[in-house]
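Structure below is coords01.pdb: PDB, C-alpha atoms and all ligand atoms.
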ATOM      1  CA  MET Y  21     -24.375  36.423 -12.446  1.00  0.00           C
ATOM      2  CA  ARG Y  22     -23.432  32.865 -11.596  1.00  0.00           C
ATOM      3  CA  GLY Y  23     -21.335  32.473  -8.455  1.00  0.00           C
ATOM      4  CA  LYS Y  24     -17.867  31.062  -8.586  1.00  0.00           C
ATOM      5  CA  ILE Y  25     -17.818  27.276  -8.653  1.00  0.00           C
ATOM      6  CA  LYS Y  26     -15.624  25.895  -5.916  1.00  0.00           C
ATOM      7  CA  PRO Y  27     -13.235  23.442  -7.555  1.00  0.00           C
ATOM      8  CA  GLU Y  28     -13.665  19.920  -6.331  1.00  0.00           C
ATOM      9  CA  ASP Y  29     -10.729  18.450  -4.415  1.00  0.00           C
ATOM     10  CA  LEU Y  30      -8.408  16.265  -6.450  1.00  0.00           C
ATOM     11  CA  LYS Y  31      -8.355  12.742  -5.080  1.00  0.00           C
ATOM     12  CA  VAL Y  32      -5.327  10.487  -4.914  1.00  0.00           C
ATOM     13  CA  VAL Y  33      -4.606   7.057  -3.438  1.00  0.00           C
ATOM     14  CA  ALA Y  34      -1.202   5.685  -2.467  1.00  0.00           C
ATOM     15  CA  LEU Y  35      -0.894   2.161  -3.826  1.00  0.00           C
ATOM     16  CA  ALA Y  36       1.374  -0.675  -2.755  1.00  0.00           C
ATOM     17  CA  HIS Y  37       4.052  -0.900  -5.418  1.00  0.00           C
ATOM     18  CA  CYS Y  38       3.001  -4.273  -6.806  1.00  0.00           C
ATOM     19  CA  ILE Y  39      -0.534  -3.161  -7.660  1.00  0.00           C
ATOM     20  CA  LEU Y  40       1.072  -1.237 -10.516  1.00  0.00           C
ATOM     21  CA  ASN Y  41       4.018  -3.542 -11.040  1.00  0.00           C
ATOM     22  CA  GLN Y  42       3.556  -7.156 -10.072  1.00  0.00           C
ATOM     23  CA  SER Y  43       7.060  -8.084 -11.198  1.00  0.00           C
ATOM     24  CA  THR Y  44       8.403  -7.249  -7.727  1.00  0.00           C
ATOM     25  CA  ARG Y  45       6.177  -9.776  -5.997  1.00  0.00           C
ATOM     26  CA  TRP Y  46       7.723 -12.685  -4.182  1.00  0.00           C
ATOM     27  CA  TRP Y  47       8.373 -15.740  -6.277  1.00  0.00           C
ATOM     28  CA  LYS Y  48      10.561 -18.816  -6.239  1.00  0.00           C
ATOM     29  CA  ASP Y  49      11.447 -21.487  -8.734  1.00  0.00           C
ATOM     30  CA  GLY Y  50       8.426 -23.499  -9.714  1.00  0.00           C
ATOM     31  CA  LYS Y  51       5.967 -20.770  -8.718  1.00  0.00           C
ATOM     32  CA  GLU Y  52       4.134 -18.928 -11.445  1.00  0.00           C
ATOM     33  CA  LEU Y  53       5.410 -15.396 -11.977  1.00  0.00           C
ATOM     34  CA  ARG Y  54       2.950 -12.556 -11.669  1.00  0.00           C
ATOM     35  CA  ARG Y  55       3.048 -10.087 -14.515  1.00  0.00           C
ATOM     36  CA  GLY Y  56       1.660  -6.689 -15.353  1.00  0.00           C
ATOM     37  CA  LEU Y  57      -0.624  -4.711 -13.079  1.00  0.00           C
ATOM     38  CA  ILE Y  58      -3.878  -5.312 -11.257  1.00  0.00           C
ATOM     39  CA  ARG Y  59      -6.252  -4.072 -13.823  1.00  0.00           C
ATOM     40  CA  GLU Y  60      -9.462  -4.119 -11.774  1.00  0.00           C
ATOM     41  CA  VAL Y  61      -7.985  -1.545  -9.392  1.00  0.00           C
ATOM     42  CA  ILE Y  62      -6.505   0.688 -12.082  1.00  0.00           C
ATOM     43  CA  ASP Y  63      -9.668   0.638 -14.214  1.00  0.00           C
ATOM     44  CA  ALA Y  64     -11.800   1.522 -11.208  1.00  0.00           C
ATOM     45  CA  LEU Y  65      -9.522   4.406 -10.206  1.00  0.00           C
ATOM     46  CA  ALA Y  66      -9.533   5.722 -13.770  1.00  0.00           C
ATOM     47  CA  SER Y  67     -13.322   5.651 -13.912  1.00  0.00           C
ATOM     48  CA  MET Y  68     -13.552   7.482 -10.576  1.00  0.00           C
ATOM     49  CA  ARG Y  69     -10.942  10.019 -11.730  1.00  0.00           C
ATOM     50  CA  ILE Y  70      -8.763   9.232  -8.725  1.00  0.00           C
ATOM     51  CA  GLY Y  71      -5.014   9.541  -9.203  1.00  0.00           C
ATOM     52  CA  ALA Y  72      -2.473   7.039  -7.889  1.00  0.00           C
ATOM     53  CA  VAL Y  73       0.930   7.378  -6.291  1.00  0.00           C
ATOM     54  CA  GLN Y  74       3.079   4.258  -6.303  1.00  0.00           C
ATOM     55  CA  MET Y  75       4.714   3.409  -2.985  1.00  0.00           C
ATOM     56  CA  PRO Y  76       8.077   1.622  -2.885  1.00  0.00           C
ATOM     57  CA  CYS Y  77       8.371  -2.156  -2.616  1.00  0.00           C
ATOM     58  CA  PRO Y  78      10.321  -2.727   0.615  1.00  0.00           C
ATOM     59  CA  GLU Y  79      10.925  -6.437   0.050  1.00  0.00           C
ATOM     60  CA  PHE Y  80      12.170  -6.189  -3.517  1.00  0.00           C
ATOM     61  CA  SER Y  81      14.371  -3.154  -2.864  1.00  0.00           C
ATOM     62  CA  PHE Y  82      15.977  -4.989   0.076  1.00  0.00           C
ATOM     63  CA  CYS Y  83      16.086  -8.628  -1.085  1.00  0.00           C
ATOM     64  CA  GLY Y  84      15.467  -8.630  -4.852  1.00  0.00           C
ATOM     65  CA  ASN Y  85      14.029 -11.755  -6.468  1.00  0.00           C
ATOM     66  CA  PRO Y  86      13.869 -14.657  -6.111  1.00  0.00           C
ATOM     67  CA  ARG Y  87      13.683 -14.286  -2.339  1.00  0.00           C
ATOM     68  CA  PRO Y  88      12.523 -16.769   0.286  1.00  0.00           C
ATOM     69  CA  SER Y  89       9.023 -16.485   1.706  1.00  0.00           C
ATOM     70  CA  ARG Y  90       9.166 -14.916   5.152  1.00  0.00           C
ATOM     71  CA  THR Y  91       6.739 -14.132   7.924  1.00  0.00           C
ATOM     72  CA  LYS Y  92       6.489 -10.788   9.674  1.00  0.00           C
ATOM     73  CA  GLU Y  93       8.588 -12.151  12.540  1.00  0.00           C
ATOM     74  CA  GLU Y  94      11.233 -13.427  10.112  1.00  0.00           C
ATOM     75  CA  TYR Y  95      11.420 -10.088   8.311  1.00  0.00           C
ATOM     76  CA  ARG Y  96      11.580  -8.293  11.634  1.00  0.00           C
ATOM     77  CA  SER Y  97      14.692 -10.260  12.575  1.00  0.00           C
ATOM     78  CA  LEU Y  98      16.343  -9.803   9.159  1.00  0.00           C
ATOM     79  CA  PRO Y  99      19.226  -7.386   9.898  1.00  0.00           C
ATOM     80  CA  GLY Y 100      18.594  -3.950   8.438  1.00  0.00           C
ATOM     81  CA  PHE Y 101      15.080  -4.609   7.131  1.00  0.00           C
ATOM     82  CA  MET Y 102      13.218  -2.674   9.828  1.00  0.00           C
ATOM     83  CA  MET Y 103      15.450   0.343   9.259  1.00  0.00           C
ATOM     84  CA  HIS Y 104      14.872   0.005   5.518  1.00  0.00           C
ATOM     85  CA  CYS Y 105      11.082   0.022   6.055  1.00  0.00           C
ATOM     86  CA  ARG Y 106      11.319   3.049   8.342  1.00  0.00           C
ATOM     87  CA  ARG Y 107      13.416   4.988   5.837  1.00  0.00           C
ATOM     88  CA  LEU Y 108      11.003   4.230   2.994  1.00  0.00           C
ATOM     89  CA  ALA Y 109       7.977   4.993   5.180  1.00  0.00           C
ATOM     90  CA  LYS Y 110       9.390   8.359   6.244  1.00  0.00           C
ATOM     91  CA  ALA Y 111      10.096   9.383   2.641  1.00  0.00           C
ATOM     92  CA  MET Y 112       6.645   8.188   1.534  1.00  0.00           C
ATOM     93  CA  ALA Y 113       4.855  10.046   4.329  1.00  0.00           C
ATOM     94  CA  GLU Y 114       6.734  13.237   3.443  1.00  0.00           C
ATOM     95  CA  ASN Y 115       5.834  12.756  -0.207  1.00  0.00           C
ATOM     96  CA  LEU Y 116       2.132  12.450   0.662  1.00  0.00           C
ATOM     97  CA  LYS Y 117       2.315  15.417   3.006  1.00  0.00           C
ATOM     98  CA  GLY Y 118       3.865  17.449   0.179  1.00  0.00           C
ATOM     99  CA  LEU Y 119       0.977  16.608  -2.128  1.00  0.00           C
ATOM    100  CA  THR Y 120      -1.534  17.929   0.369  1.00  0.00           C
ATOM    101  CA  THR Y 121       0.337  21.040   1.510  1.00  0.00           C
ATOM    102  CA  LEU Y 122       1.609  22.208  -1.883  1.00  0.00           C
ATOM    103  CA  SER Y 123      -1.797  22.098  -3.538  1.00  0.00           C
ATOM    104  CA  LYS Y 124      -4.351  24.907  -3.257  1.00  0.00           C
ATOM    105  CA  ARG Y 125      -7.651  25.509  -5.069  1.00  0.00           C
ATOM    106  CA  PRO Y 126      -8.150  22.672  -5.758  1.00  0.00           C
ATOM    107  CA  LYS Y 127      -6.460  20.805  -2.972  1.00  0.00           C
ATOM    108  CA  ILE Y 128      -5.125  17.285  -3.324  1.00  0.00           C
ATOM    109  CA  LYS Y 129      -6.700  14.897  -0.876  1.00  0.00           C
ATOM    110  CA  ILE Y 130      -5.168  11.523  -0.031  1.00  0.00           C
ATOM    111  CA  VAL Y 131      -8.200   9.254  -0.058  1.00  0.00           C
ATOM    112  CA  ALA Y 132      -6.505   6.055   1.137  1.00  0.00           C
ATOM    113  CA  VAL Y 133      -3.285   4.139   1.470  1.00  0.00           C
ATOM    114  CA  VAL Y 134      -3.647   0.679  -0.080  1.00  0.00           C
ATOM    115  CA  GLY Y 135      -1.614  -2.314   1.043  1.00  0.00           C
ATOM    116  CA  ILE Y 136      -1.740  -6.022   0.179  1.00  0.00           C
ATOM    117  CA  GLU Y 137      -3.363  -8.563   2.464  1.00  0.00           C
ATOM    118  CA  ARG Y 138      -1.310 -11.618   3.455  1.00  0.00           C
ATOM    119  CA  SER Y 139       1.943  -9.729   2.973  1.00  0.00           C
ATOM    120  CA  PRO Y 140       4.296  -9.642   5.979  1.00  0.00           C
ATOM    121  CA  THR Y 141       5.314  -6.147   4.882  1.00  0.00           C
ATOM    122  CA  CYS Y 142       2.272  -4.513   3.265  1.00  0.00           C
ATOM    123  CA  GLY Y 143      -0.576  -6.346   5.019  1.00  0.00           C
ATOM    124  CA  VAL Y 144      -3.282  -4.091   6.449  1.00  0.00           C
ATOM    125  CA  GLU Y 145      -5.702  -6.409   8.209  1.00  0.00           C
ATOM    126  CA  LEU Y 146      -4.191  -9.831   7.598  1.00  0.00           C
ATOM    127  CA  THR Y 147      -0.523 -10.605   7.988  1.00  0.00           C
ATOM    128  CA  PRO Y 148       1.440 -13.882   8.147  1.00  0.00           C
ATOM    129  CA  TYR Y 149       2.810 -13.399  11.638  1.00  0.00           C
ATOM    130  CA  LYS Y 150       4.899 -16.493  12.261  1.00  0.00           C
ATOM    131  CA  ARG Y 151       5.719 -19.852  10.759  1.00  0.00           C
ATOM    132  CA  VAL Y 152       3.973 -22.878  12.212  1.00  0.00           C
ATOM    133  CA  GLY Y 153       5.122 -25.441   9.642  1.00  0.00           C
ATOM    134  CA  ARG Y 154       7.497 -25.512   6.700  1.00  0.00           C
ATOM    135  CA  GLU Y 155       5.091 -23.607   4.470  1.00  0.00           C
ATOM    136  CA  GLU Y 156       2.357 -22.863   6.966  1.00  0.00           C
ATOM    137  CA  PHE Y 157       1.858 -19.549   8.658  1.00  0.00           C
ATOM    138  CA  GLU Y 158      -0.126 -18.208  11.535  1.00  0.00           C
ATOM    139  CA  TYR Y 159      -2.054 -15.187  10.242  1.00  0.00           C
ATOM    140  CA  ARG Y 160      -2.982 -12.357  12.564  1.00  0.00           C
ATOM    141  CA  ARG Y 161      -5.240  -9.358  12.231  1.00  0.00           C
ATOM    142  CA  MET Y 162      -2.488  -6.787  12.109  1.00  0.00           C
ATOM    143  CA  LYS Y 163      -0.456  -4.651   9.744  1.00  0.00           C
ATOM    144  CA  GLY Y 164       2.762  -5.669   8.069  1.00  0.00           C
ATOM    145  CA  LEU Y 165       6.062  -3.999   8.927  1.00  0.00           C
ATOM    146  CA  PHE Y 166       6.033  -1.282   6.256  1.00  0.00           C
ATOM    147  CA  MET Y 167       2.394  -0.399   6.867  1.00  0.00           C
ATOM    148  CA  GLU Y 168       3.043  -0.079  10.598  1.00  0.00           C
ATOM    149  CA  ALA Y 169       6.005   2.202   9.954  1.00  0.00           C
ATOM    150  CA  LEU Y 170       4.037   4.251   7.421  1.00  0.00           C
ATOM    151  CA  GLU Y 171       1.113   4.696   9.795  1.00  0.00           C
ATOM    152  CA  GLU Y 172       3.513   6.002  12.467  1.00  0.00           C
ATOM    153  CA  GLU Y 173       5.211   8.399  10.056  1.00  0.00           C
ATOM    154  CA  LEU Y 174       1.885   9.713   8.752  1.00  0.00           C
ATOM    155  CA  GLU Y 175       0.649  10.229  12.297  1.00  0.00           C
ATOM    156  CA  SER Y 176       3.807  12.122  13.192  1.00  0.00           C
ATOM    157  CA  LEU Y 177       3.070  14.492  10.288  1.00  0.00           C
ATOM    158  CA  GLY Y 178      -0.539  14.919  11.391  1.00  0.00           C
ATOM    159  CA  ILE Y 179      -1.975  12.951   8.470  1.00  0.00           C
ATOM    160  CA  SER Y 180      -4.894  10.683   9.160  1.00  0.00           C
ATOM    161  CA  VAL Y 181      -5.869   8.540   6.189  1.00  0.00           C
ATOM    162  CA  PRO Y 182      -7.757   5.241   5.899  1.00  0.00           C
ATOM    163  CA  MET Y 183      -5.591   2.210   5.220  1.00  0.00           C
ATOM    164  CA  LEU Y 184      -7.206  -0.391   2.981  1.00  0.00           C
ATOM    165  CA  GLY Y 185      -5.944  -3.833   2.026  1.00  0.00           C
ATOM    166  CA  LEU Y 186      -6.199  -5.453  -1.382  1.00  0.00           C
ATOM    167  CA  ASP Y 187      -7.075  -9.122  -1.171  1.00  0.00           C
ATOM    168  CA  LEU Y 188      -5.675 -10.404  -4.456  1.00  0.00           C
ATOM    169  CA  ARG Y 189      -8.413 -13.042  -4.518  1.00  0.00           C
ATOM    170  CA  LYS Y 190     -11.159 -10.390  -4.550  1.00  0.00           C
ATOM    171  CA  PRO Y 191     -10.054  -7.046  -5.937  1.00  0.00           C
ATOM    172  CA  GLU Y 192     -13.690  -5.942  -6.279  1.00  0.00           C
ATOM    173  CA  ALA Y 193     -13.898  -5.641  -2.474  1.00  0.00           C
ATOM    174  CA  LEU Y 194     -11.105  -3.080  -2.514  1.00  0.00           C
ATOM    175  CA  VAL Y 195     -12.789  -1.173  -5.328  1.00  0.00           C
ATOM    176  CA  ASN Y 196     -15.952  -0.899  -3.196  1.00  0.00           C
ATOM    177  CA  ASN Y 197     -13.942   0.234  -0.195  1.00  0.00           C
ATOM    178  CA  ILE Y 198     -12.197   2.931  -2.233  1.00  0.00           C
ATOM    179  CA  LYS Y 199     -15.580   4.097  -3.541  1.00  0.00           C
ATOM    180  CA  ASN Y 200     -16.877   4.372   0.009  1.00  0.00           C
ATOM    181  CA  VAL Y 201     -13.954   6.350   1.389  1.00  0.00           C
ATOM    182  CA  ALA Y 202     -13.729   8.576  -1.692  1.00  0.00           C
ATOM    183  CA  HIS Y 203     -17.425   9.321  -1.441  1.00  0.00           C
ATOM    184  CA  GLY Y 204     -17.107  10.350   2.176  1.00  0.00           C
ATOM    185  CA  CYS Y 205     -14.303  12.857   1.690  1.00  0.00           C
TER     186      CYS Y 205
HETATM  187  S1  LIG B 301       3.143  -6.612  -1.007  1.00  0.00           S
HETATM  188 FE1  LIG B 301       4.584  -4.942  -0.616  1.00  0.00          FE
HETATM  189  S2  LIG B 301       6.552  -5.930  -0.259  1.00  0.00           S
HETATM  190 FE2  LIG B 301       5.222  -7.433  -1.247  1.00  0.00          FE
HETATM  191  S3  LIG B 301       5.648  -7.223  -3.410  1.00  0.00           S
HETATM  192 FE3  LIG B 301       3.908  -5.885  -2.977  1.00  0.00          FE
HETATM  193  S4  LIG B 301       4.823  -3.899  -2.561  1.00  0.00           S
HETATM  194 FE4  LIG B 301       6.451  -5.420  -2.422  1.00  0.00          FE
END

Show me the file's structure as structure tokens.
Amino acid sequence: MRGKIKPEDLKVVALAHCILNQSTRWWKDGKELRRGLIREVIDALASMRIGAVQMPCPEFSFCGNPRPSRTKEEYRSLPGFMMHCRRLAKAMAENLKGLTTLSKRPKIKIVAVVGIERSPTCGVELTPYKRVGREEFEYRRMKGLFMEALEEELESLGISVPMLGLDLRKPEALVNNIKNVAHGC
């Protein structure tokens, strides 16, 4: 008799809101609007049979659009924004924890949290830290405000998950990174 097949874990990523809905991205008059979703990421997830949870957009839900471009330091000093990020991060971390604890045979595994590089809020490895000219920023290798808060909240719930950044100029790099982390878990 054939033995019981152990069901494979179900894999899920948490995506920055604008990967699935670019209409919340920052824009101002004269700048081309971004529309739709980032197809390369969604197609790749679909082909790998990895599910996606959409995270909130901290900037849009606090400032709406159009909103001015801001650095991490400028958002940090915007009254109420840090608290807003912390509230959203706490709810998101609890949501992800719920997915993992409420699922049994097969279990849901959070493969990665995906942010957006060059965002002061959702950056993972590259964040516009401060302004050095009217439209020039100093970038630093650090997370944005929401990603920092989310990492802290996940840690406090005992969840350790890789954080990956989508560089909008090369989505294929993210797809490879997701493949690598999904393969290893
Ligand atoms: S990078 Fe983050 S804050 Fe910016 S539009 Fe996307 S989800 Fe919103």

Practice item. Check which residues fall inside 9 Å of ligand LIG 301 (chain B) when counting only C-alpha atoms and all ligand atoms, and print them as a PyMOL selection string. Key: chain Y and resi 35-39+41-46+75-81+135-143+164+166

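With all atoms listed in the file as the atoms that count, the minimum distance from Leu53 (chain Y) to the choices Y:Pro86, Y:Gly185, Y:Pro148, Y:Gly153 is reached by Y:Pro86.
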
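This file, filtered with the PyMOL selection byres (((chain Y and resi 118) around 12) and not hetatm), gives the residues Ala111, Met112, Ala113, Glu114, Asn115, Leu116, Lys117, Leu119, Thr120, Thr121, Leu122, Ser123, Lys124, Lys127, Ile128, Lys129, Ile130, Leu174, Leu177 and Ile179 of chain Y.
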
Check your understanding: What separation in Å, quoted to one decimal, exists between CA of Arg160 (chain Y) and CA of Arg55 (chain Y)?
Key -> 27.8 Å

Please write out, as AutoDock Vina command-line options, where the centre of an axis-aligned box around all listed atoms of region 69-80 of chain Y lies and how long its edges are, in Å to one decimal, after adding 3 Å on each side.
--center_x 0.6 --center_y 1.8 --center_z -5.6 --size_x 29.1 --size_y 22.5 --size_z 18.3

Check your understanding: From the list Y:Val33, Y:Phe101, Y:Glu172, Y:Lys163, which residue is nearest Val61 (chain Y) when using only C-alpha atoms?
Key -> Y:Val33

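Computed from the coordinates, the CA of Ala202 (chain Y) to CA of Glu175 (chain Y) distance equals 20.1 Å.
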
Review point. How many Å separate CA of Leu146 (chain Y) from CA of Val134 (chain Y)?
Key: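 Interatomic distance, CA of Leu146 (chain Y) to CA of Val134 (chain Y): 13.0 Å.
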
Check your understanding: Selected by the PyMOL selection byres (((chain Y and resi 71) around 9) and not hetatm) in the shown coordinates: which residues, as JSON, numbers by chain?
Key -> {"Y": [30, 31, 32, 33, 34, 65, 66, 68, 69, 70, 72, 73]}

Review point. Which neighbours of Arg151 (chain Y) fall inside 9 Å, counting only C-alpha atoms, when residues of the same chain fewer than 2 positions from it are skipped, and could you give them as a list in words?
Key: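 Listing them by chain and then by number gives Arg90, Thr91, Glu93, Glu94, Pro148, Tyr149, Gly153, Arg154, Glu155, Glu156, Phe157 and Glu158 of chain Y.
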